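Okay, so here's the structure we're looking at.
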Amino acid sequence: MLHTTFAIQYPIIQAPMAGVTSPKFVAASAEAGLLGSIGAGYLDGEQTKHFIQEVKKLTTKPFAVNLFVQEEPQIDIEVLQQARMALQPFYDELGLSPVQSVVSKEVFAGQVQAVIDEKVAICSFTFGIPTAEVLKQLKDNGVYTIGTATTLEEAILVEQAGMDAVVLQGGEAGGHRGSFTAPMQLIPLHELLQQVVGKITIPIIAAGGLVAKEDIQKALEAGAQAVQIGTVLLVADECEISPLYKKAVLASKEQQTTVTLAFTGKPARGLANDFTKRMKDATVAPYPLQNYLTATIRKESAEQGNAEYLSMWMGENSYLVQKTGTVRSIVEKLL
Ligand SMILES: Cc1cc2nc3c(=O)[nH]c(=O)nc-3n(C[C@H](O)[C@H](O)[C@H](O)COP(=O)(O)O)c2cc1C
């Protein structure tokens with residue numbers, strides 16, 4: 001089983017959650033017997049290195065780093081202009097000035113180098129497949145690589161690229177869709193497992209909507225070698241998100257999440273609010289430009305304690321999350 005390969009106690013991975021996972025949270029997950037994961041998607045190379053060092057100070061247990069496979073956005077000035085205009089009412093209401101320029105930095109190579117320099121054993125990816133050159137560089141340095149797939153086609157591409165394992169992300173999952181082929185699909189985890197198990201030979205990690213012991217058992221029985229859990233850990237004591245966000249997870253109701261492009265330009269599942277509703281049919285800039293365009297709106301609304309313009313990523317089954325406490329105590333209920 002995969003947890004033997006990873007030298008961890010349970011076949012459970014703490015989902016990498018960029019912007020959410022802190023060193024304390026990753027280390028607490030590792031100490032609780034899971035594979036901790038650093039969501040390094042929004043960090044540059046130096047920040048990734050520093051983050052890894054901080055985790056190492058807190059635990060000697062294995063952990064992974066997760067990176068976004070970045071594409072340079074094709075900038076269409078007209079689309080960018082329209083996307084800015086769609087956000088103007090929010091800038092006006094919050095008294096903000098729109099971002100004047102947006103810059104996308106090439107950070108991916110620096111992040112990969114940080115993983116290698118810090119001798120991190122496992123590196124996972126979302127939003128696509130790294131180039132053959134990057135995968136070779138990681139392999140040559142003994143790094144175990146994990147891809148993310150949301151369809152059978154993507155799972156086959158991950159295997160063909162020579163990656164060691166794949167996260168199958170069901171449509172229920174919180175956060176960004178790992179999708180990298182069109183059209184973006186929301187296949188429920190169990191259907192996805194049925195479609196993929198037996199069609200690829202690399203180990204499968206099941207993700208999406210797993211919030212109870214029975215869900216995890218079912219995924220393992222369906223052929224997954226491990227599971228990846230995100231939403232259920234958002235309310236853990238060691239998870240350092242705002243009280244507003246934790247409260248929103250605990251208070252969420254059935255069918256209250258939505259998949260939206262409005263915050264970042266890439267589809268992601270989170271709590272539906274005024275922002276997602278008003279932006280439903282608006283033009284959005286491609287990722288990561290939309291992410292920059294909405295940054296001040298999200299920051300200001302967080303400062304105002306206004307949940308309506310915040311991105312609060314969570315999975316479809318957030319309404320079933322009730323157990324708070326330490327990561328360890330939450331995990332005990334899942335075993
Ligand atoms: C707040 C949040 C942030 C996320 N960020 C990332 C990320 O940076 N990288 C990634 O591969 N997956 C990310 N995900 C998706 C998770 O890896 C996983 O697919 C998902 O949490 C599983 O569904 P669940 O939330 O219902 O457990 C994120 C999920 C959440 C809830």
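Quick note on naming: the chains in the structure tokens go A, B, ... in the order shown, residues restart at 1 in each chain, and ligands are numbered from 1 in order of appearance.
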
At a cut-off of 9 Å, can you tabulate as a tab-separated table every residue of chain A near ligand 1 together with its closest atom pair and the distance in Å to one decimal, using only C-alpha atoms and all ligand atoms and ordering rows by chain then number?
```
residue	atom	partner	partner_atom_place_in_ligand_line	distance
A:Gln14	CA	ligand 1	17 (O)	8.1
A:Ala15	CA	ligand 1	17 (O)	4.4
A:Pro16	CA	ligand 1	7 (C)	4.9
A:Met17	CA	ligand 1	5 (N)	3.2
A:Ala18	CA	ligand 1	8 (O)	3.7
A:Gly19	CA	ligand 1	3 (C)	7.1
A:Val20	CA	ligand 1	1 (C)	6.1
A:Thr21	CA	ligand 1	3 (C)	8.2
A:Ile38	CA	ligand 1	8 (O)	8.1
A:Gly39	CA	ligand 1	8 (O)	4.5
A:Ala40	CA	ligand 1	8 (O)	6.7
A:Gly41	CA	ligand 1	8 (O)	5.5
A:Tyr42	CA	ligand 1	8 (O)	8.0
A:Asn66	CA	ligand 1	9 (N)	6.0
A:Leu67	CA	ligand 1	9 (N)	6.8
A:Phe68	CA	ligand 1	9 (N)	6.9
A:Ser124	CA	ligand 1	11 (O)	7.0
A:Phe125	CA	ligand 1	11 (O)	5.9
A:Thr126	CA	ligand 1	11 (O)	4.7
A:Phe127	CA	ligand 1	11 (O)	7.8
A:Gly147	CA	ligand 1	11 (O)	8.5
A:Thr148	CA	ligand 1	11 (O)	6.9
A:Val167	CA	ligand 1	19 (O)	7.7
A:Leu168	CA	ligand 1	19 (O)	8.0
A:Gln169	CA	ligand 1	19 (O)	5.3
A:Gly170	CA	ligand 1	19 (O)	7.5
A:Gly171	CA	ligand 1	23 (O)	8.5
A:Glu172	CA	ligand 1	26 (O)	5.8
A:Ala173	CA	ligand 1	23 (O)	3.3
A:Gly174	CA	ligand 1	25 (O)	3.9
A:Gly175	CA	ligand 1	29 (C)	3.7
A:His176	CA	ligand 1	14 (N)	5.7
A:Arg177	CA	ligand 1	15 (C)	7.1
A:Gly178	CA	ligand 1	11 (O)	6.6
A:Ala206	CA	ligand 1	22 (C)	8.3
A:Ala207	CA	ligand 1	22 (C)	4.5
A:Gly208	CA	ligand 1	23 (O)	3.3
A:Gly209	CA	ligand 1	26 (O)	3.4
A:Leu210	CA	ligand 1	27 (O)	5.2
A:Val211	CA	ligand 1	27 (O)	6.7
A:Val227	CA	ligand 1	22 (C)	8.9
A:Gln228	CA	ligand 1	22 (C)	6.2
A:Ile229	CA	ligand 1	27 (O)	3.9
A:Gly230	CA	ligand 1	21 (O)	3.5
A:Thr231	CA	ligand 1	25 (O)	3.8
A:Val232	CA	ligand 1	27 (O)	6.1
A:Leu233	CA	ligand 1	27 (O)	8.0
A:Leu234	CA	ligand 1	31 (C)	7.4
A:Ala268	CA	ligand 1	28 (C)	8.5
A:Arg269	CA	ligand 1	31 (C)	7.8
A:Gly270	CA	ligand 1	31 (C)	7.6
A:Ser311	CA	ligand 1	1 (C)	9.0
A:Met312	CA	ligand 1	1 (C)	6.9
A:Trp313	CA	ligand 1	1 (C)	4.5
A:Met314	CA	ligand 1	31 (C)	4.3
A:Gly315	CA	ligand 1	26 (O)	3.8
A:Glu316	CA	ligand 1	26 (O)	6.2
A:Asn317	CA	ligand 1	26 (O)	6.1
A:Ser318	CA	ligand 1	26 (O)	7.0
```

TODO: Return as a count of residues only the full set of residues in segment 47-247 of chain A whose backbone-based DSSP assignment is strand (DSSP E or B).
DONE: 35

TODO: Fewer than 5 positions away in the same chain doesn't count, so skip those; otherwise give me all residues within 10 Å of Ile77 of chain A, counting only C-alpha atoms, as a PyMOL selection string.
DONE: chain A and resi 82-83+285

Atoms to include: C-alpha atoms. Write the selected residues as an mmCIF file, in the first residue's frame.
```cif
data_model
loop_
_atom_site.group_PDB
_atom_site.id
_atom_site.type_symbol
_atom_site.label_atom_id
_atom_site.label_comp_id
_atom_site.auth_asym_id
_atom_site.auth_seq_id
_atom_site.Cartn_x
_atom_site.Cartn_y
_atom_site.Cartn_z
ATOM 1 C CA GLN A 82 -13.868 43.568 -19.334
ATOM 2 C CA ALA A 83 -12.822 41.520 -16.339
ATOM 3 C CA ALA A 285 -9.495 37.109 -16.867
#
```

TODO: Have a look at atom CA of Ile129 of chain A and atom CA of Glu106 of chain A and let me know their distance in Å, one decimal.
DONE: 16.2 Å

TODO: Can you list, as a VMD selection string, all residues belonging to segment 35-152 of chain A that DSSP tags as helix (DSSP H, G or I)?
DONE: chain A and resid 45 to 58 77 to 94 108 to 117 132 to 140 152

Open item on the list: So that I can see what lies close to Gln9 of chain A, please list as a PyMOL selection string the residues with an atom at most 8 Å from it, counting only C-alpha atoms and leaving out residues fewer than 4 positions away in the same chain.
Closed with: chain A and resi 3-4+33-34

Using C-alpha atoms, can you write the selected residues to a file as a PDB file, in the first residue's frame?
```
ATOM      1  CA  HIS A   3       1.423   4.490   3.038  1.00  0.00           C
ATOM      2  CA  THR A   4       4.198   1.913   3.319  1.00  0.00           C
ATOM      3  CA  GLY A  33       0.219   9.743  10.964  1.00  0.00           C
ATOM      4  CA  LEU A  34      -0.901  11.328   7.671  1.00  0.00           C
TER       5      LEU A  34
END
```

Task: Residue among A:Glu238, A:Lys323, A:Thr151, A:Asn291 lying closest to Glu191 of chain A, counting only C-alpha atoms - done: A:Thr151

- [ ] Find the spatial neighbours of Lys247 of chain A, counting only C-alpha atoms, within a cut-off of 12 Å - ignore same-chain residues fewer than 4 positions away - and output them as a ChimeraX atom specification.
- [x] /A:234-236,241-243,251-253,271,305,307,312,318-319,321-322,324

Atoms kept (C-alpha atoms) for selection, written as a PDB file, in the first residue's frame:
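Listing of part-v4.pdb after writing:
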```pdb
ATOM      1  CA  LEU A 234     -10.205  22.899   7.729  1.00  0.00           C
ATOM      2  CA  VAL A 235     -11.787  23.069  11.176  1.00  0.00           C
ATOM      3  CA  ALA A 236      -8.840  21.430  12.971  1.00  0.00           C
ATOM      4  CA  ILE A 241      -7.580  29.899   8.745  1.00  0.00           C
ATOM      5  CA  SER A 242      -9.721  32.744  10.091  1.00  0.00           C
ATOM      6  CA  PRO A 243     -12.484  32.036  12.619  1.00  0.00           C
ATOM      7  CA  ALA A 251     -22.494  26.450   9.339  1.00  0.00           C
ATOM      8  CA  SER A 252     -22.588  25.454   5.669  1.00  0.00           C
ATOM      9  CA  LYS A 253     -25.707  23.754   4.391  1.00  0.00           C
ATOM     10  CA  LEU A 271     -19.079  28.506  -0.497  1.00  0.00           C
ATOM     11  CA  GLY A 305     -15.038  40.438   8.439  1.00  0.00           C
ATOM     12  CA  ALA A 307     -17.729  36.771   4.191  1.00  0.00           C
ATOM     13  CA  MET A 312     -13.902  30.219   1.079  1.00  0.00           C
ATOM     14  CA  SER A 318     -18.725  20.589   4.010  1.00  0.00           C
ATOM     15  CA  TYR A 319     -22.217  20.515   5.517  1.00  0.00           C
ATOM     16  CA  VAL A 321     -18.286  18.451   8.830  1.00  0.00           C
ATOM     17  CA  GLN A 322     -18.974  18.795  12.533  1.00  0.00           C
ATOM     18  CA  THR A 324     -13.558  20.094  15.525  1.00  0.00           C
TER      19      THR A 324
END
```

- [ ] Work out how far atom CA of Gln185 of chain A is from atom CA of Ile204 of chain A, in Å to one decimal.
- [x]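 The value is 18.6 Å.
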
Task: Shell around segment 297-301 of chain A at 9 Å using only C-alpha atoms, local window under 5 positions removed, as a ChimeraX atom specification - done: /A:87,90-91,94,96,263,306-311

Task: Nearest candidate to Val331 of chain A (options A:Lys136, A:His190, A:Lys213, A:Lys24; using only C-alpha atoms) - done: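 Among the listed residues, the smallest separation from Val331 of chain A belongs to A:Lys213.
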
TODO: Find the residues near His50 of chain A: any atom within 12 Å, counting only C-alpha atoms, skip ones fewer than 4 places away on the same chain, and give them as an NGL selection string.
DONE: :A and (22-23 or 38 or 40 or 43-46 or 54-57 or 111 or 114-115 or 117-118)

Emit the selected residues as a short mmCIF file (atom, residue, chain, number, x, y, z; two decimals), in the first residue's frame, including C-alpha atoms.
```cif
data_model
loop_
_atom_site.label_atom_id
_atom_site.label_comp_id
_atom_site.auth_asym_id
_atom_site.auth_seq_id
_atom_site.Cartn_x
_atom_site.Cartn_y
_atom_site.Cartn_z
CA SER A 22 0.78 26.55 7.41
CA PRO A 23 3.92 24.86 8.76
CA ILE A 38 2.58 21.93 1.79
CA ALA A 40 3.12 25.88 -2.23
CA LEU A 43 4.84 30.79 -3.09
CA ASP A 44 8.01 31.53 -5.01
CA GLY A 45 11.15 29.42 -4.82
CA GLU A 46 12.62 31.18 -1.78
CA GLU A 54 9.85 25.63 8.97
CA VAL A 55 8.03 22.29 8.69
CA LYS A 56 11.28 20.41 9.27
CA LYS A 57 11.75 22.31 12.54
CA GLN A 111 9.88 25.93 -6.52
CA ALA A 114 13.56 24.20 -3.51
CA VAL A 115 12.01 20.71 -3.38
CA ASP A 117 17.58 21.28 -2.46
CA GLU A 118 15.57 20.49 0.64
#
```

TODO: Kindly give the distance, in Å, that separates atom CA of Glu153 of chain A and atom CA of Phe6 of chain A, rounded to a single decimal.
DONE: 26.2 Å
